[in-house]
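Chemist: Below you will find the structure I want to go over with you.
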Amino acid sequence: MKQALALLALLAGCATAPQPALEPAGAPAPAPAARVESIAVASLLDSARSDTEAGQLASAAASLERAIRIEPRNPRLWHELARVRLKQGDNAQAESVAARSNSWAGGDHALRAENWRLIARSREARGDAAGARAALDAAERQR
């Protein structure tokens with residue numbers, strides 16, 4: 001019995017996460033960790049970007065949709081799909097997808113601002129000047 005308790009105590013000590021080092025007072029906050037995509041998602045994203053450059057927008061969208069099925073909470077994938085939808089002239093869908101990207105973007109203010117600028121272009125293309133201005137104002141607030 002004592003051996004089992006000793007083993008459990010030893011294993012419990014191994015299961016604790018290392019504590020981060022304390023930063024000195026006044027030190028800048030560490031940068032957020034870069035998002036790491038799976039190899040499959042990175043490959044699909046590369047393919048989508050190549051297809052977009054080649055004007056193969058339907059193929060680019062299909063690759064991005066496959067990548068989103070793998071990583072549905074990846075805001076960069078949603079943003080890339082919004083860009084493709086805007087290039088396809090599907091302005092309402094572009095706005096919707098950019099808003100979805102913002103819902104997953106968290107504290108990534110640069111991505112949130114990019115999404116708001118894309119939403120502004122979408123609204124402008126639909127003749128919604130006031131909505132476009134509001135989106136640009138939202139982009140400015142991300143700074």
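Chain labels follow the order of the structure tokens: the first chain is A, the next B, and so on; residue numbering restarts at 1 in every chain, and ligands are counted from 1 in their shown order.
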Could you pull out the residues in segment 53-108 of chain A that DSSP calls alpha helix (DSSP H) from the backbone, as a ChimeraX atom specification?

Modeler: /A:53,57-70,75-87,91-105

Chemist: What's around Ala67 of chain A at 7 Å? Count only C-alpha atoms, leave out sequence neighbours fewer than 4 positions away in its own chain, and write the answer as a list in words.

Modeler: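 Result of the neighbour search: Val41, Leu44, Ser63 and Glu71 of chain A.
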
Chemist: Keeping only N, CA and C atoms, take the residues you just selected and write them out as a PDB file, in the first residue's frame.

Modeler:
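So the final result, stored in result-v6.pdb, reads:
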ATOM      1  N   VAL A  41      -3.289  21.615 -43.303  1.00  0.00           N
ATOM      2  CA  VAL A  41      -3.877  22.948 -43.419  1.00  0.00           C
ATOM      3  C   VAL A  41      -2.906  23.899 -44.111  1.00  0.00           C
ATOM      4  N   LEU A  44      -3.041  23.159 -47.775  1.00  0.00           N
ATOM      5  CA  LEU A  44      -4.281  23.665 -48.384  1.00  0.00           C
ATOM      6  C   LEU A  44      -4.245  25.184 -48.497  1.00  0.00           C
ATOM      7  N   SER A  63     -10.336  24.744 -51.436  1.00  0.00           N
ATOM      8  CA  SER A  63      -9.197  24.391 -50.579  1.00  0.00           C
ATOM      9  C   SER A  63      -9.350  25.003 -49.193  1.00  0.00           C
ATOM     10  N   GLU A  71      -9.557  22.743 -39.290  1.00  0.00           N
ATOM     11  CA  GLU A  71      -9.325  23.700 -38.195  1.00  0.00           C
ATOM     12  C   GLU A  71     -10.408  24.777 -38.209  1.00  0.00           C
TER      13      GLU A  71
END

Chemist: Have a look at atom CA of Ala113 of chain A and atom CA of Ala135 of chain A and let me know their distance in Å, one decimal.

Modeler: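 Interatomic distance here is 9.1 Å.
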
Chemist: Taking only C-alpha atoms into account, name the residue in A:Leu45, A:Ala40, A:Ala139, A:Ala105 that is nearest to Arg73 of chain A.

Modeler: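 Once distances to Arg73 of chain A are computed over only C-alpha atoms, the minimum belongs to A:Ala105.
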
Chemist: Residues near Ala58 of chain A, anyone? I mean within 9 Å using only C-alpha atoms, not counting same-chain ones fewer than 6 positions away, as number ranges by chain.

Modeler: A: 51-52, 84, 88

Chemist: Pick out the residues sitting within 12 Å of Arg112 of chain A, and hand them over as JSON, numbers by chain; count only C-alpha atoms, and ignore anything fewer than 6 positions along from it in its own chain.

Modeler: {"A": [75, 76, 78, 79, 98, 99, 100, 101, 102, 103, 104, 105, 106, 118, 119, 135, 136, 138, 139, 140, 141, 142, 143]}

Chemist: So, counting only C-alpha atoms, which residue among A:Ile68, A:Arg83, A:Ala129, A:Asn115 is closest to Ser38 of chain A?

Modeler: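 With only C-alpha atoms as the atom set, the closest residue is A:Ile68.
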